[in-house]
>>> print(open('query_4.csv').read())   # CSV, C-alpha atoms
chain,number,residue,atom,x,y,z
T,1,MET,CA,39.0,68.0,-30.5
T,2,TRP,CA,40.1,68.1,-26.9
T,3,LYS,CA,36.9,69.3,-25.3
T,4,GLU,CA,34.8,67.2,-22.9
T,5,ASP,CA,32.5,65.0,-24.9
T,6,TYR,CA,30.7,61.6,-24.5
T,7,MET,CA,32.5,60.2,-27.5
T,8,LYS,CA,36.0,60.6,-26.1
T,9,ARG,CA,38.5,57.8,-25.9
T,10,ALA,CA,41.9,57.7,-24.3
T,11,VAL,CA,44.9,57.6,-26.6
T,12,GLU,CA,48.4,57.1,-25.3
T,13,VAL,CA,51.1,59.2,-26.9
T,14,GLU,CA,54.7,60.0,-26.2
T,15,ILE,CA,56.0,63.6,-26.2
T,16,LEU,CA,59.7,64.3,-25.4
T,17,GLY,CA,60.0,60.9,-23.8
T,18,GLN,CA,57.0,61.3,-21.6
T,19,LYS,CA,54.0,59.1,-22.0
T,20,LEU,CA,50.6,60.9,-21.9
T,21,LYS,CA,47.0,59.7,-22.1
T,22,ILE,CA,45.0,62.1,-24.2
T,23,SER,CA,41.2,62.1,-24.2
T,24,SER,CA,39.8,63.0,-27.6
T,25,ASP,CA,36.9,62.5,-29.8
T,26,ALA,CA,39.2,62.6,-32.8
T,27,GLU,CA,40.4,59.5,-34.7
T,28,GLU,CA,43.3,57.8,-32.9
T,29,SER,CA,45.5,58.3,-36.0
T,30,HIS,CA,44.9,62.1,-35.9
T,31,VAL,CA,45.8,62.3,-32.2
T,32,HIS,CA,49.0,60.4,-32.9
T,33,ARG,CA,49.8,62.7,-35.9
T,34,VAL,CA,49.2,65.8,-33.8
T,35,ALA,CA,51.2,64.5,-30.9
T,36,GLY,CA,54.0,63.4,-33.3
T,37,TYR,CA,54.1,67.0,-34.7
T,38,VAL,CA,54.4,68.5,-31.2
T,39,ASP,CA,57.0,65.9,-30.2
T,40,ALA,CA,59.0,66.7,-33.4
T,41,LYS,CA,58.9,70.4,-32.7
T,42,MET,CA,60.0,69.9,-29.1
T,43,GLN,CA,62.8,67.5,-30.2
T,44,GLU,CA,63.9,70.1,-32.7
T,45,VAL,CA,64.1,72.8,-30.1
T,46,SER,CA,65.8,70.5,-27.6
T,47,SER,CA,68.5,69.5,-30.1
T,48,MET,CA,69.2,73.1,-31.2
T,49,SER,CA,69.5,74.7,-27.8
T,50,SER,CA,71.9,74.4,-24.9
T,51,PRO,CA,70.3,72.3,-22.1
T,52,ILE,CA,67.2,74.1,-21.0
T,53,GLY,CA,64.2,73.1,-19.0
T,54,LYS,CA,61.2,71.2,-20.4
T,55,SER,CA,58.9,74.2,-19.9
T,56,ASN,CA,61.2,76.4,-22.0
T,57,ILE,CA,61.4,73.7,-24.6
T,58,ALA,CA,57.6,73.6,-24.6
T,59,THR,CA,57.3,77.3,-24.9
T,60,LEU,CA,59.8,77.6,-27.8
T,61,ALA,CA,58.1,74.6,-29.5
T,62,ALA,CA,54.7,76.3,-29.0
T,63,LEU,CA,56.1,79.5,-30.6
T,64,ASN,CA,57.4,77.5,-33.6
T,65,ILE,CA,54.0,75.8,-34.0
T,66,ALA,CA,52.2,79.1,-33.8
T,67,ASP,CA,54.6,80.5,-36.4
T,68,ASP,CA,53.8,77.5,-38.7
T,69,TYR,CA,50.1,78.0,-38.1
T,70,HIS,CA,50.1,81.7,-38.9
T,71,ARG,CA,52.3,81.3,-42.0
T,72,LEU,CA,49.9,78.6,-43.3
T,73,LYS,CA,46.9,80.7,-42.4
T,74,ASP,CA,48.3,83.7,-44.3
T,75,ASN,CA,49.0,81.5,-47.3
T,76,TYR,CA,45.5,80.1,-47.1
T,77,ASP,CA,43.9,83.5,-46.8
T,78,LYS,CA,45.9,84.7,-49.9
T,79,LEU,CA,44.8,81.6,-51.9
T,80,LEU,CA,41.2,82.1,-50.8
T,81,GLN,CA,41.3,85.8,-51.8
T,82,ARG,CA,42.8,84.8,-55.2
T,83,LEU,CA,40.2,82.1,-55.7
T,84,ASN,CA,37.4,84.6,-54.9
T,85,HIS,CA,38.9,87.0,-57.4
T,86,LEU,CA,39.1,84.4,-60.1
T,87,THR,CA,35.6,83.2,-59.3
T,88,ASN,CA,34.3,86.7,-59.7
T,89,ARG,CA,36.1,87.1,-63.0
T,90,ILE,CA,34.7,83.9,-64.3
T,91,ALA,CA,31.2,84.9,-63.2
T,92,THR,CA,31.5,88.3,-64.9
T,93,THR,CA,32.8,86.7,-68.1
T,94,LEU,CA,30.0,84.2,-68.2
T,95,SER,CA,27.4,86.8,-67.5
T,96,GLU,CA,28.8,89.1,-70.3
T,97,GLU,CA,28.8,86.2,-72.8
T,98,GLY,CA,25.4,84.8,-71.9
>>> encode(input="query_4.csv", output="C-alpha coordinates")
Amino acid sequence: MWKEDYMKRAVEVEILGQKLKISSDAEESHVHRVAGYVDAKMQEVSSMSSPIGKSNIATLAALNIADDYHRLKDNYDKLLQRLNHLTNRIATTLSEEG
(Lines of atoms letter the chains of each structure in order from A and count residues from 1; the text may use other names and numbers.)
(Lines give C-alpha, C1' and ligand atoms only; values in the text may rest on other atoms or scores of the structure.)
Protein backbone atom coordinates (compact mmCIF):
# COMPACT_ATOMS: atom_id res chain seq x y z
CA MET A 1 0.00 0.00 0.00
CA TRP A 2 2.75 2.47 0.89
CA LYS A 3 5.42 1.21 -1.52
CA GLU A 4 6.74 3.18 -4.47
CA ASP A 5 4.50 2.62 -7.45
CA TYR A 6 3.56 4.45 -10.62
CA MET A 7 -0.12 4.50 -9.59
CA LYS A 8 0.44 6.49 -6.41
CA ARG A 9 -1.48 9.61 -5.56
CA ALA A 10 -0.99 12.04 -2.72
CA VAL A 11 -3.66 12.09 -0.04
CA GLU A 12 -3.67 14.67 2.71
CA VAL A 13 -4.50 13.38 6.18
CA GLU A 14 -4.31 14.75 9.70
CA ILE A 15 -2.83 12.79 12.58
CA LEU A 16 -2.62 14.30 16.06
CA GLY A 17 -3.20 17.76 14.62
CA GLN A 18 -0.43 17.47 12.06
CA LYS A 19 -1.26 17.49 8.37
CA LEU A 20 0.61 14.92 6.30
CA LYS A 21 0.66 14.04 2.62
CA ILE A 22 0.63 10.31 2.11
CA SER A 23 1.53 8.73 -1.23
CA SER A 24 -0.41 5.55 -1.79
CA ASP A 25 -1.84 3.42 -4.54
CA ALA A 26 -4.81 2.60 -2.25
CA GLU A 27 -8.19 4.25 -2.57
CA GLU A 28 -8.33 7.67 -0.92
CA SER A 29 -11.12 6.50 1.39
CA HIS A 30 -8.90 3.64 2.59
CA VAL A 31 -5.99 5.99 3.30
CA HIS A 32 -8.32 8.26 5.28
CA ARG A 33 -9.72 5.28 7.20
CA VAL A 34 -6.23 4.01 8.11
CA ALA A 35 -5.03 7.49 9.07
CA GLY A 36 -8.20 8.02 11.11
CA TYR A 37 -7.54 4.78 12.98
CA VAL A 38 -3.95 5.81 13.75
CA ASP A 39 -5.12 9.29 14.80
CA ALA A 40 -7.78 7.81 17.09
CA LYS A 41 -5.23 5.52 18.74
CA MET A 42 -2.82 8.43 19.24
CA GLN A 43 -5.61 10.64 20.61
CA GLU A 44 -6.61 7.83 22.98
CA VAL A 45 -3.06 7.46 24.30
CA SER A 46 -2.65 11.22 24.54
CA SER A 47 -5.83 11.63 26.57
CA MET A 48 -5.03 8.79 28.97
CA SER A 49 -1.44 9.74 29.78
CA SER A 50 0.15 12.61 31.56
CA PRO A 51 1.75 14.97 29.07
CA ILE A 52 4.35 13.03 27.07
CA GLY A 53 6.21 13.65 23.84
CA LYS A 54 4.73 12.87 20.45
CA SER A 55 7.27 10.12 19.85
CA ASN A 56 6.16 8.36 23.05
CA ILE A 57 2.52 8.82 22.05
CA ALA A 58 3.34 7.33 18.65
CA THR A 59 5.17 4.39 20.24
CA LEU A 60 2.34 3.61 22.65
CA ALA A 61 -0.22 3.96 19.85
CA ALA A 62 1.85 1.62 17.68
CA LEU A 63 1.90 -0.92 20.50
CA ASN A 64 -1.89 -0.65 20.85
CA ILE A 65 -2.33 -1.07 17.09
CA ALA A 66 0.01 -4.08 17.09
CA ASP A 67 -2.00 -5.56 19.97
CA ASP A 68 -5.24 -5.05 18.01
CA TYR A 69 -3.67 -6.67 14.96
CA HIS A 70 -2.39 -9.73 16.83
CA ARG A 71 -5.67 -10.27 18.66
CA LEU A 72 -7.57 -10.09 15.36
CA LYS A 73 -5.04 -12.37 13.67
CA ASP A 74 -5.32 -14.91 16.49
CA ASN A 75 -9.12 -14.86 16.16
CA TYR A 76 -8.85 -15.18 12.38
CA ASP A 77 -6.46 -18.13 12.69
CA LYS A 78 -8.82 -19.87 15.15
CA LEU A 79 -11.80 -19.28 12.85
CA LEU A 80 -9.83 -20.54 9.85
CA GLN A 81 -8.79 -23.65 11.77
CA ARG A 82 -12.42 -24.24 12.79
CA LEU A 83 -13.61 -23.73 9.22
CA ASN A 84 -11.03 -26.21 7.92
CA HIS A 85 -12.11 -28.72 10.55
CA LEU A 86 -15.78 -28.32 9.61
CA THR A 87 -14.95 -28.53 5.89
CA ASN A 88 -13.10 -31.79 6.49
CA ARG A 89 -16.03 -33.18 8.49
CA ILE A 90 -18.46 -32.25 5.72
CA ALA A 91 -16.21 -33.80 3.08
CA THR A 92 -15.87 -36.98 5.13
CA THR A 93 -19.62 -37.19 5.71
CA LEU A 94 -20.38 -36.65 2.02
CA SER A 95 -17.84 -39.26 0.92
CA GLU A 96 -19.26 -41.78 3.39
CA GLU A 97 -22.81 -41.17 2.13
CA GLY A 98 -22.04 -41.10 -1.55
>>> residues_around(input="query_4.csv", residues="segment 54-65 of chain T", least_positions_apart="5", cutoff="7 Å", atoms="all atoms listed in the file", output="list in words")
Lys41, Met42, Val45 and Ser46 of chain T
>>> residues_near_point(input="query_4.csv", point="(37.7, 63.2, -33.4)", cutoff="9 Å", atoms="all atoms listed in the file", output="VMD selection string")
chain T and resid 1 to 2 7 to 8 24 to 28 30 to 31
>>> closest_residue(input="query_4.csv", among="T:Thr87, T:Val38, T:Ser29, T:Gly17", to="Ala66 of chain T", atoms="only C-alpha atoms")
T:Val38
>>> residues_around(input="query_4.csv", residues="Val11 of chain T", least_positions_apart="3", cutoff="7 Å", atoms="only C-alpha atoms", output="list in words")
Lys21, Ile22, Ser23 and Glu28 of chain T
